[in-house]
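Q: Mind looking over this structure? Questions follow.
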Amino acid sequence: MKSKETGFNSRLVHGTGKRDPLGSVITPIYQTSTFSFESAEHGAKCFAGESDGYIYTRIGNPTNNDLEKSIADMENGFGGIVTSSGMGAVNTLYLAYLGAGKHIVSHNAVYGPARGLIEGTYSKFGVESTYVDTTEINQVIQAIRSNTSMIYLETPANPTIGISDIPAIVEIAHQHNIKVCVDNTFCSPYLQNPLDMGADIVLHSLTKFINGHADIVGGALVTKTEEDYLKLRSMMVISGCNMDPHQAFLVRRGLKTLGIRVDRAQENAIKVASFLEAHPKVAWVMYPGLKSHPQHELAKRLMRGPGAMISFGLSGGLEAGKKLMNNVKLCILAVSLGGIETLIQHPASMTHSKLSKEAKKQGGISDDLVRLSVGIEESEDILEDLSQALDLV
Ligand code: LCS
């Protein structure tokens, strides 16, 4: 294990410092479903229960474990678990901590399917939920019940970019023995470490900034304690939410450049947000780096930078937004985020389309909301593209 004193980017590149026994600089892809018991460390034949080596890839795989250790290290956690997708991580978490009669409190603007899974599926098994604006601490306090077992935050939230006060919510939650999980996808561990603020579990869609190249889907959970780690790992294994080793290899490769990618995308995003805020056809912009963001000061306290995600609305509303999205040339009209290319999308009809009208309204997912995931292209090119598309609105 590399010392925590080593800088973030060095730890990203060198990982946990454990080298492959054959000297491969890059952790190889162990593309196998099963492992010979004979090859376990003992050097002799052994049977399940006697083996301390790898057994079966759903249970554990060296390529996956290398990624898990690196992500846990980035989040200053006890241990990490990688999953088939971000939603695989969400489902593993819910399965492990929720059950009939249990209650979850969450942000009304979390990633749509993370809410949809509770309201559409877990509710059938007796799980109760309350969705509030977790950027307002009083709403969180009022939502807590005697059977609340988890507070699930997403900050900044998708797609409203609202910021929740992690340390303040953790303090209240822990007084009631409630676990706090934070979806840290929008920041990545480069910009925010929720476990250091007291959260119990951190969740990531690795599909986004951590992999960063829009070529896989994946998820991760990192825990502060061994107890939570074992609980989540056994649930991931039994529910079959495991990652494939080839997927893990690609994510590990992407992770190495997380710092420089986020630095560059964020540099661009700061310019894009200022450009949009000053544009006469833009009605509003939500970006943590702007003084106009309602939680600008809180963002500066929790995050090491404002990130690369921006939401905005045009004065001409939905129709104007559609024209803008149909006329961009460099930016790509697509869902997902956190990759090297700038993506633009319309949450109300795309990522959050399955939510009820009422849930969208409650969560502030307005029809005019356009979401930008700023990439690492030349900032001048992104600005020029948005400018020419806005001229056509
Ligand atoms: N958490 C957040 C904050 C997300 O944005 C997403 C996906 C997930 C979890 C789920 O991860 P996945 O299973 O897709 O790896 N967000 C998407 C989005 O905004 N556009 O497309 C997917």
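Letters for chains follow the order of the structure tokens (A, B, ...), residue numbers begin at 1 for each chain, and ligand numbers begin at 1 in the order shown.
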Tell me, as an NGL selection string, which residues lie within 10 Å of Lys322 of chain A, counting only C-alpha atoms; anything in the same chain fewer than 6 positions away does not count.
A: :A and (314 or 316 or 345-346 or 368 or 370 or 393)
Q: Now that the selection is made, can you save its residues with C-alpha atoms as a tab-separated table (two decimals), in the first residue's frame?
A:
```tsv
chain	number	residue	atom	x	y	z
A	314	LEU	CA	-33.00	29.60	-21.85
A	316	GLY	CA	-37.27	30.90	-24.62
A	345	GLN	CA	-28.85	16.64	-22.90
A	346	HIS	CA	-32.41	17.35	-21.77
A	368	ASP	CA	-36.36	24.18	-19.73
A	370	VAL	CA	-30.48	21.75	-20.28
A	393	VAL	CA	-32.45	30.05	-31.08
```
Q: Please identify the residues whose atoms come within 9 Å of ligand 1, using only C-alpha atoms and all ligand atoms, and report them as a VMD selection string.
A: chain A and resid 84 to 90 110 to 114 154 to 159 183 to 186 203 to 208 216 to 219 334 to 337 345 347 350 to 352 371
Q: Those residues with N, CA and C atoms, as a short mmCIF file (atom, residue, chain, number, x, y, z; two decimals), in the first residue's frame please?
A:
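Result saved to selection_13.cif:
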```cif
data_model
loop_
_atom_site.label_atom_id
_atom_site.label_comp_id
_atom_site.auth_asym_id
_atom_site.auth_seq_id
_atom_site.Cartn_x
_atom_site.Cartn_y
_atom_site.Cartn_z
N SER A 84 -21.32 -4.07 -11.71
CA SER A 84 -21.59 -4.10 -13.15
C SER A 84 -21.91 -2.74 -13.74
N SER A 85 -22.52 -1.86 -12.95
CA SER A 85 -22.90 -0.51 -13.41
C SER A 85 -23.12 0.34 -12.16
N GLY A 86 -23.32 1.63 -12.37
CA GLY A 86 -23.65 2.49 -11.23
C GLY A 86 -24.96 2.04 -10.59
N MET A 87 -25.94 1.66 -11.42
CA MET A 87 -27.20 1.18 -10.88
C MET A 87 -27.01 -0.16 -10.16
N GLY A 88 -26.03 -0.95 -10.60
CA GLY A 88 -25.68 -2.19 -9.89
C GLY A 88 -25.22 -1.86 -8.47
N ALA A 89 -24.48 -0.76 -8.33
CA ALA A 89 -24.02 -0.33 -6.99
C ALA A 89 -25.21 0.17 -6.17
N VAL A 90 -26.11 0.93 -6.82
CA VAL A 90 -27.29 1.45 -6.11
C VAL A 90 -28.13 0.27 -5.61
N VAL A 110 -32.24 13.22 -7.21
CA VAL A 110 -31.18 12.23 -7.49
C VAL A 110 -31.33 11.73 -8.93
N TYR A 111 -30.31 11.01 -9.40
CA TYR A 111 -30.39 10.40 -10.73
C TYR A 111 -31.72 9.62 -10.82
N GLY A 112 -32.51 9.89 -11.85
CA GLY A 112 -33.88 9.38 -11.96
C GLY A 112 -34.07 7.91 -11.58
N PRO A 113 -33.33 6.97 -12.19
CA PRO A 113 -33.53 5.56 -11.86
C PRO A 113 -33.22 5.19 -10.40
N ALA A 114 -32.34 5.95 -9.73
CA ALA A 114 -32.05 5.65 -8.31
C ALA A 114 -33.31 5.91 -7.48
N GLU A 154 -27.02 12.76 -3.04
CA GLU A 154 -26.28 12.86 -4.30
C GLU A 154 -25.91 14.33 -4.38
N THR A 155 -24.63 14.63 -4.27
CA THR A 155 -24.24 16.04 -4.23
C THR A 155 -22.90 16.25 -4.91
N PRO A 156 -22.87 17.15 -5.94
CA PRO A 156 -23.97 17.86 -6.55
C PRO A 156 -24.98 16.88 -7.16
N ALA A 157 -26.24 17.30 -7.16
CA ALA A 157 -27.31 16.40 -7.61
C ALA A 157 -27.48 16.46 -9.13
N ASN A 158 -27.94 15.35 -9.65
CA ASN A 158 -28.19 15.20 -11.08
C ASN A 158 -29.68 15.37 -11.34
N PRO A 159 -30.14 16.39 -12.04
CA PRO A 159 -29.37 17.35 -12.84
C PRO A 159 -29.39 18.78 -12.29
N ASP A 183 -23.69 9.62 -3.14
CA ASP A 183 -23.31 9.39 -4.53
C ASP A 183 -22.38 10.53 -4.93
N ASN A 184 -21.11 10.19 -5.13
CA ASN A 184 -20.06 11.20 -5.37
C ASN A 184 -19.67 11.27 -6.85
N THR A 185 -20.58 10.77 -7.71
CA THR A 185 -20.27 10.66 -9.14
C THR A 185 -19.89 11.99 -9.78
N PHE A 186 -20.65 13.06 -9.47
CA PHE A 186 -20.42 14.34 -10.15
C PHE A 186 -19.07 14.95 -9.78
N LEU A 203 -20.78 6.13 -3.12
CA LEU A 203 -21.18 5.39 -4.32
C LEU A 203 -20.70 6.15 -5.56
N HIS A 204 -20.29 5.39 -6.57
CA HIS A 204 -19.90 6.01 -7.85
C HIS A 204 -20.51 5.28 -9.02
N SER A 205 -20.92 6.06 -10.03
CA SER A 205 -21.08 5.48 -11.35
C SER A 205 -19.70 5.66 -11.98
N LEU A 206 -18.99 4.55 -12.17
CA LEU A 206 -17.63 4.62 -12.75
C LEU A 206 -17.69 4.98 -14.23
N THR A 207 -18.90 4.82 -14.79
CA THR A 207 -19.16 5.16 -16.19
C THR A 207 -18.73 6.60 -16.50
N LYS A 208 -18.72 7.45 -15.46
CA LYS A 208 -18.56 8.90 -15.66
C LYS A 208 -17.09 9.32 -15.53
N ILE A 216 -17.33 2.22 -21.19
CA ILE A 216 -17.85 1.13 -20.34
C ILE A 216 -18.95 1.69 -19.45
N VAL A 217 -19.74 0.81 -18.82
CA VAL A 217 -20.53 1.21 -17.66
C VAL A 217 -19.98 0.43 -16.47
N GLY A 218 -20.02 1.04 -15.30
CA GLY A 218 -19.52 0.38 -14.10
C GLY A 218 -19.90 1.18 -12.88
N GLY A 219 -19.79 0.53 -11.72
CA GLY A 219 -20.13 1.23 -10.48
C GLY A 219 -19.20 0.81 -9.36
N ALA A 334 -26.32 13.72 -26.12
CA ALA A 334 -26.30 12.35 -25.60
C ALA A 334 -26.41 12.38 -24.08
N VAL A 335 -26.98 11.31 -23.51
CA VAL A 335 -26.97 11.17 -22.05
C VAL A 335 -25.59 10.73 -21.62
N SER A 336 -25.42 10.55 -20.32
CA SER A 336 -24.16 10.25 -19.65
C SER A 336 -23.36 11.54 -19.46
N LEU A 337 -22.23 11.42 -18.82
CA LEU A 337 -21.46 12.60 -18.42
C LEU A 337 -20.07 12.16 -17.99
N GLN A 345 -27.63 17.46 -22.92
CA GLN A 345 -28.85 16.64 -22.90
C GLN A 345 -29.99 17.35 -22.18
N PRO A 347 -32.67 16.54 -19.44
CA PRO A 347 -33.06 15.56 -18.42
C PRO A 347 -34.55 15.23 -18.39
N MET A 350 -35.01 12.87 -21.15
CA MET A 350 -34.00 11.81 -21.36
C MET A 350 -33.70 11.09 -20.04
N THR A 351 -32.68 11.55 -19.28
CA THR A 351 -32.26 10.79 -18.08
C THR A 351 -33.33 10.65 -17.02
N HIS A 352 -34.25 11.63 -16.92
CA HIS A 352 -35.23 11.60 -15.84
C HIS A 352 -36.66 11.45 -16.38
N ARG A 371 -28.70 20.20 -19.60
CA ARG A 371 -27.51 19.83 -18.82
C ARG A 371 -26.30 19.67 -19.72
#
```
Q: Could you tell me which of A:His246, A:His213, A:Lys300, A:His176 comes closest to Asn61 of chain A if we count only C-alpha atoms?
A: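 Of A:His246, A:His213, A:Lys300, A:His176, the one nearest Asn61 of chain A, counting only C-alpha atoms, is A:His246.
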Q: From the list A:Thr148, A:Thr160, A:Asn138, A:Gln362, which residue is nearest Gly99 of chain A when using only C-alpha atoms?
A: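 The shortest atom-to-atom distance to Gly99 of chain A comes from A:Thr148.
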Q: Which distance in Å separates atom CA of Val262 of chain A and atom CA of Leu372 of chain A, to one decimal?
A: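 Going from atom CA of Val262 of chain A over to atom CA of Leu372 of chain A covers 14.6 Å.
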Q: I need the residues in segment 90-335 of chain A that are strand (DSSP E or B) according to DSSP; give them as number ranges by chain.
A: A: 103-107, 128-132, 148-154, 179-183, 201-205, 219-223, 242, 282-286, 309-314, 332-333
Q: Identify all residues of segment 6-73 of chain A in helix (DSSP H, G or I) (DSSP on the backbone) and supply them as a VMD selection string.
A: chain A and resid 8 to 14 37 to 39 62 to 73
Q: Restrict the selected residues to N, CA, C and O atoms and save them as a CSV table (one decimal), in the first residue's frame.
A:
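Done, and the output landed in again_31.csv:
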```csv
chain,number,residue,atom,x,y,z
A,8,PHE,N,-2.1,12.8,-4.7
A,8,PHE,CA,-3.2,12.1,-5.3
A,8,PHE,C,-2.9,11.5,-6.7
A,8,PHE,O,-3.2,10.4,-7.0
A,9,ASN,N,-2.3,12.4,-7.6
A,9,ASN,CA,-2.0,11.9,-8.9
A,9,ASN,C,-1.0,10.7,-9.0
A,9,ASN,O,-1.1,9.8,-9.8
A,10,SER,N,-0.1,10.7,-8.0
A,10,SER,CA,0.9,9.6,-8.0
A,10,SER,C,0.2,8.4,-7.6
A,10,SER,O,0.5,7.3,-8.1
A,11,ARG,N,-0.7,8.5,-6.6
A,11,ARG,CA,-1.5,7.3,-6.2
A,11,ARG,C,-2.4,6.8,-7.3
A,11,ARG,O,-2.6,5.6,-7.5
A,12,LEU,N,-3.0,7.8,-8.1
A,12,LEU,CA,-3.8,7.3,-9.2
A,12,LEU,C,-3.0,6.5,-10.2
A,12,LEU,O,-3.5,5.5,-10.7
A,13,VAL,N,-1.8,7.0,-10.5
A,13,VAL,CA,-1.0,6.3,-11.5
A,13,VAL,C,-0.4,5.0,-11.0
A,13,VAL,O,-0.5,4.0,-11.6
A,14,HIS,N,0.1,5.0,-9.7
A,14,HIS,CA,0.8,3.8,-9.2
A,14,HIS,C,-0.1,2.9,-8.5
A,14,HIS,O,0.4,1.8,-8.1
A,37,PHE,N,-8.1,-24.4,-7.5
A,37,PHE,CA,-7.8,-24.5,-6.1
A,37,PHE,C,-6.4,-24.9,-5.8
A,37,PHE,O,-5.8,-24.5,-4.8
A,38,GLU,N,-5.9,-25.7,-6.7
A,38,GLU,CA,-4.5,-26.2,-6.6
A,38,GLU,C,-3.5,-25.1,-6.5
A,38,GLU,O,-2.5,-25.2,-5.9
A,39,SER,N,-3.8,-24.0,-7.3
A,39,SER,CA,-2.9,-22.9,-7.4
A,39,SER,C,-3.0,-21.9,-6.2
A,39,SER,O,-2.3,-20.9,-6.2
A,62,PRO,N,-8.5,-10.8,-9.5
A,62,PRO,CA,-7.4,-9.9,-9.2
A,62,PRO,C,-7.5,-8.6,-10.0
A,62,PRO,O,-7.1,-7.5,-9.4
A,63,THR,N,-8.0,-8.6,-11.2
A,63,THR,CA,-8.1,-7.3,-11.9
A,63,THR,C,-9.1,-6.4,-11.2
A,63,THR,O,-8.9,-5.2,-11.0
A,64,ASN,N,-10.2,-7.0,-10.8
A,64,ASN,CA,-11.3,-6.2,-10.1
A,64,ASN,C,-10.7,-5.7,-8.8
A,64,ASN,O,-10.9,-4.6,-8.4
A,65,ASN,N,-10.0,-6.6,-8.1
A,65,ASN,CA,-9.5,-6.2,-6.7
A,65,ASN,C,-8.5,-5.1,-6.8
A,65,ASN,O,-8.5,-4.2,-5.9
A,66,ASP,N,-7.7,-5.0,-7.9
A,66,ASP,CA,-6.8,-3.9,-8.0
A,66,ASP,C,-7.5,-2.6,-8.2
A,66,ASP,O,-7.2,-1.6,-7.5
A,67,LEU,N,-8.6,-2.6,-9.0
A,67,LEU,CA,-9.4,-1.4,-9.1
A,67,LEU,C,-10.1,-1.0,-7.8
A,67,LEU,O,-10.1,0.1,-7.4
A,68,GLU,N,-10.6,-2.1,-7.1
A,68,GLU,CA,-11.3,-1.8,-5.9
A,68,GLU,C,-10.4,-1.1,-4.8
A,68,GLU,O,-10.8,-0.2,-4.1
A,69,LYS,N,-9.1,-1.7,-4.8
A,69,LYS,CA,-8.2,-1.1,-3.8
A,69,LYS,C,-7.9,0.4,-4.2
A,69,LYS,O,-7.8,1.2,-3.3
A,70,SER,N,-7.7,0.6,-5.5
A,70,SER,CA,-7.4,2.0,-5.9
A,70,SER,C,-8.5,3.0,-5.6
A,70,SER,O,-8.2,4.1,-5.1
A,71,ILE,N,-9.7,2.5,-5.9
A,71,ILE,CA,-10.9,3.5,-5.6
A,71,ILE,C,-11.0,3.7,-4.1
A,71,ILE,O,-11.3,4.8,-3.7
A,72,ALA,N,-10.9,2.6,-3.3
A,72,ALA,CA,-11.0,2.8,-1.9
A,72,ALA,C,-9.9,3.7,-1.4
A,72,ALA,O,-10.1,4.6,-0.5
A,73,ASP,N,-8.7,3.6,-1.9
A,73,ASP,CA,-7.6,4.5,-1.6
A,73,ASP,C,-7.9,6.0,-1.9
A,73,ASP,O,-7.7,6.9,-1.1
```
Q: When you look at Val328 of chain A with a cut-off of 7 Å (counting only C-alpha atoms), what residues show up, excluding the ones that are within fewer than 4 positions of it in the same chain? I need them as a ChimeraX atom specification.
A: /A:324,385-386,389
Q: Would you write out those residues with C-alpha atoms, as a tab-separated table (two decimals), in the first residue's frame?
A:
```tsv
chain	number	residue	atom	x	y	z
A	324	LEU	CA	-30.02	24.80	-29.07
A	385	ASP	CA	-20.21	25.96	-30.80
A	386	LEU	CA	-22.60	27.06	-28.05
A	389	ALA	CA	-26.23	27.35	-31.67
```
Q: With a distance cut-off of 6 Å and only C-alpha atoms, select the neighbouring residues of segment 221-231 of chain A, excluding the residue or stretch itself and same-chain residues fewer than 2 positions from it, and output the selection as a ChimeraX atom specification.
A: /A:72,77-81,200-203,233-234
Q: Nearest to Ile270 of chain A among A:Leu302, A:Ile144, A:Ala308, A:Met150, with distances taken over only C-alpha atoms: which residue is it?
A: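 Between A:Leu302, A:Ile144, A:Ala308, A:Met150, the residue approaching Ile270 of chain A most closely is A:Ala308.
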Q: Find the residues near Val170 of chain A: any atom within 7 Å, counting only C-alpha atoms, skip ones fewer than 4 places away on the same chain, and give them as an mmCIF file with C-alpha atoms, in the first residue's frame.
A:
```
data_model
loop_
_atom_site.group_PDB
_atom_site.id
_atom_site.type_symbol
_atom_site.label_atom_id
_atom_site.label_comp_id
_atom_site.auth_asym_id
_atom_site.auth_seq_id
_atom_site.Cartn_x
_atom_site.Cartn_y
_atom_site.Cartn_z
ATOM 1 C CA ILE A 166 -22.782 16.357 3.975
ATOM 2 C CA HIS A 174 -25.728 9.479 13.286
ATOM 3 C CA VAL A 180 -25.428 8.000 5.188
ATOM 4 C CA GLY A 198 -18.359 11.468 8.179
ATOM 5 C CA ALA A 199 -20.419 9.610 5.554
#
```
Q: For Leu195 of chain A, which residue among A:Ile163, A:Asp215, A:Gly240, A:Asn76 is the nearest when counting only C-alpha atoms?
A: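 That would be A:Asn76, the residue with the smallest distance to Leu195 of chain A.
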Q: Between A:Gly375, A:Gly338, A:Pro167, A:Gly321, which residue has the minimum interatomic distance to Leu298 of chain A, considering only C-alpha atoms?
A: A:Pro167
Q: Residues of segment 289-377 of chain A within 10 Å of segment 130-137 of chain A: nearest atom pair and distance (Å, one decimal) for each, counting only C-alpha atoms, sorted by chain and number, as a tab-separated table?
A:
```
residue	atom	partner	partner_atom	distance
A:Pro294	CA	A:Thr135	CA	9.6
A:Gln295	CA	A:Thr135	CA	8.2
A:Ala359	CA	A:Tyr131	CA	8.7
A:Gln362	CA	A:Val132	CA	8.0
A:Gly363	CA	A:Asp133	CA	7.2
A:Gly364	CA	A:Asp133	CA	9.3
```
Q: Could those selected residues go to a file with all heavy atoms, as a JSON list (two decimals), in the first residue's frame?
A:
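Contents of selection_16.json, freshly written:
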```json
[["chain", "number", "residue", "atom", "x", "y", "z"],
["A", 294, "PRO", "N", -26.91, 29.02, -5.34],
["A", 294, "PRO", "CA", -27.39, 29.23, -3.97],
["A", 294, "PRO", "C", -26.51, 28.60, -2.88],
["A", 294, "PRO", "O", -26.54, 29.05, -1.73],
["A", 294, "PRO", "CB", -28.79, 28.61, -3.96],
["A", 294, "PRO", "CG", -28.93, 27.88, -5.24],
["A", 294, "PRO", "CD", -27.90, 28.38, -6.21],
["A", 295, "GLN", "N", -25.75, 27.56, -3.24],
["A", 295, "GLN", "CA", -24.85, 26.96, -2.23],
["A", 295, "GLN", "C", -23.38, 27.15, -2.62],
["A", 295, "GLN", "O", -22.53, 26.30, -2.35],
["A", 295, "GLN", "CB", -25.15, 25.46, -2.06],
["A", 295, "GLN", "CG", -26.51, 25.14, -1.48],
["A", 295, "GLN", "CD", -27.53, 24.81, -2.54],
["A", 295, "GLN", "OE1", -27.20, 24.26, -3.60],
["A", 295, "GLN", "NE2", -28.79, 25.12, -2.28],
["A", 359, "ALA", "N", -42.99, 14.21, -9.46],
["A", 359, "ALA", "CA", -41.62, 14.02, -8.94],
["A", 359, "ALA", "C", -40.66, 14.99, -9.61],
["A", 359, "ALA", "O", -39.75, 15.54, -8.98],
["A", 359, "ALA", "CB", -41.18, 12.58, -9.14],
["A", 362, "GLN", "N", -41.29, 18.46, -8.16],
["A", 362, "GLN", "CA", -40.76, 18.49, -6.79],
["A", 362, "GLN", "C", -39.24, 18.60, -6.80],
["A", 362, "GLN", "O", -38.65, 19.32, -6.00],
["A", 362, "GLN", "CB", -41.18, 17.17, -6.15],
["A", 362, "GLN", "CG", -41.26, 17.14, -4.68],
["A", 362, "GLN", "CD", -41.41, 15.68, -4.23],
["A", 362, "GLN", "OE1", -40.78, 14.77, -4.78],
["A", 362, "GLN", "NE2", -42.26, 15.47, -3.25],
["A", 363, "GLY", "N", -38.60, 17.90, -7.73],
["A", 363, "GLY", "CA", -37.15, 17.87, -7.79],
["A", 363, "GLY", "C", -36.53, 19.03, -8.56],
["A", 363, "GLY", "O", -35.31, 19.12, -8.68],
["A", 364, "GLY", "N", -37.36, 19.91, -9.09],
["A", 364, "GLY", "CA", -36.83, 21.06, -9.83],
["A", 364, "GLY", "C", -36.30, 20.69, -11.20],
["A", 364, "GLY", "O", -35.48, 21.40, -11.79]]
```
Q: What's around segment 379-384 of chain A at 9 Å? Count only C-alpha atoms, leave out sequence neighbours fewer than 6 positions away in its own chain, and write the answer as a list in words.
A: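 These residues fall inside the cut-off: Ala265, Glu267, Asn268, Ala269, Lys271, Val272, Phe275, Leu330, Cys331 and Thr342 of chain A.
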Q: Would you please work out which residue, of A:Leu390, A:His293, A:Ile260, A:Ser274, is nearest to Asn326 of chain A when using only C-alpha atoms?
A: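 Under the stated criterion, the closest residue is A:Leu390.
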Q: Within 9 Å of Ala283 of chain A, counting only C-alpha atoms, which residues qualify if same-chain residues fewer than 6 places away don't, as JSON, numbers by chain?
A: {"A": [277, 312, 313, 314, 315, 316, 317]}
Q: For the residues in the current selection, export C-alpha atoms as a short mmCIF file (atom, residue, chain, number, x, y, z; two decimals), in the first residue's frame.
A:
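File produced: out-v9.cif:
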```
data_model
loop_
_atom_site.label_atom_id
_atom_site.label_comp_id
_atom_site.auth_asym_id
_atom_site.auth_seq_id
_atom_site.Cartn_x
_atom_site.Cartn_y
_atom_site.Cartn_z
CA GLU A 277 -24.45 33.51 -17.45
CA PHE A 312 -29.05 26.08 -17.42
CA GLY A 313 -32.29 27.28 -18.95
CA LEU A 314 -33.00 29.60 -21.85
CA SER A 315 -35.38 32.57 -21.75
CA GLY A 316 -37.27 30.90 -24.62
CA GLY A 317 -37.92 27.81 -22.42
#
```
Q: Would you work out the distance separating atom CA of Gly162 of chain A from atom CA of His296 of chain A, expressed in Å to one decimal?
A: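 Distance reported for this atom pair: 9.7 Å.
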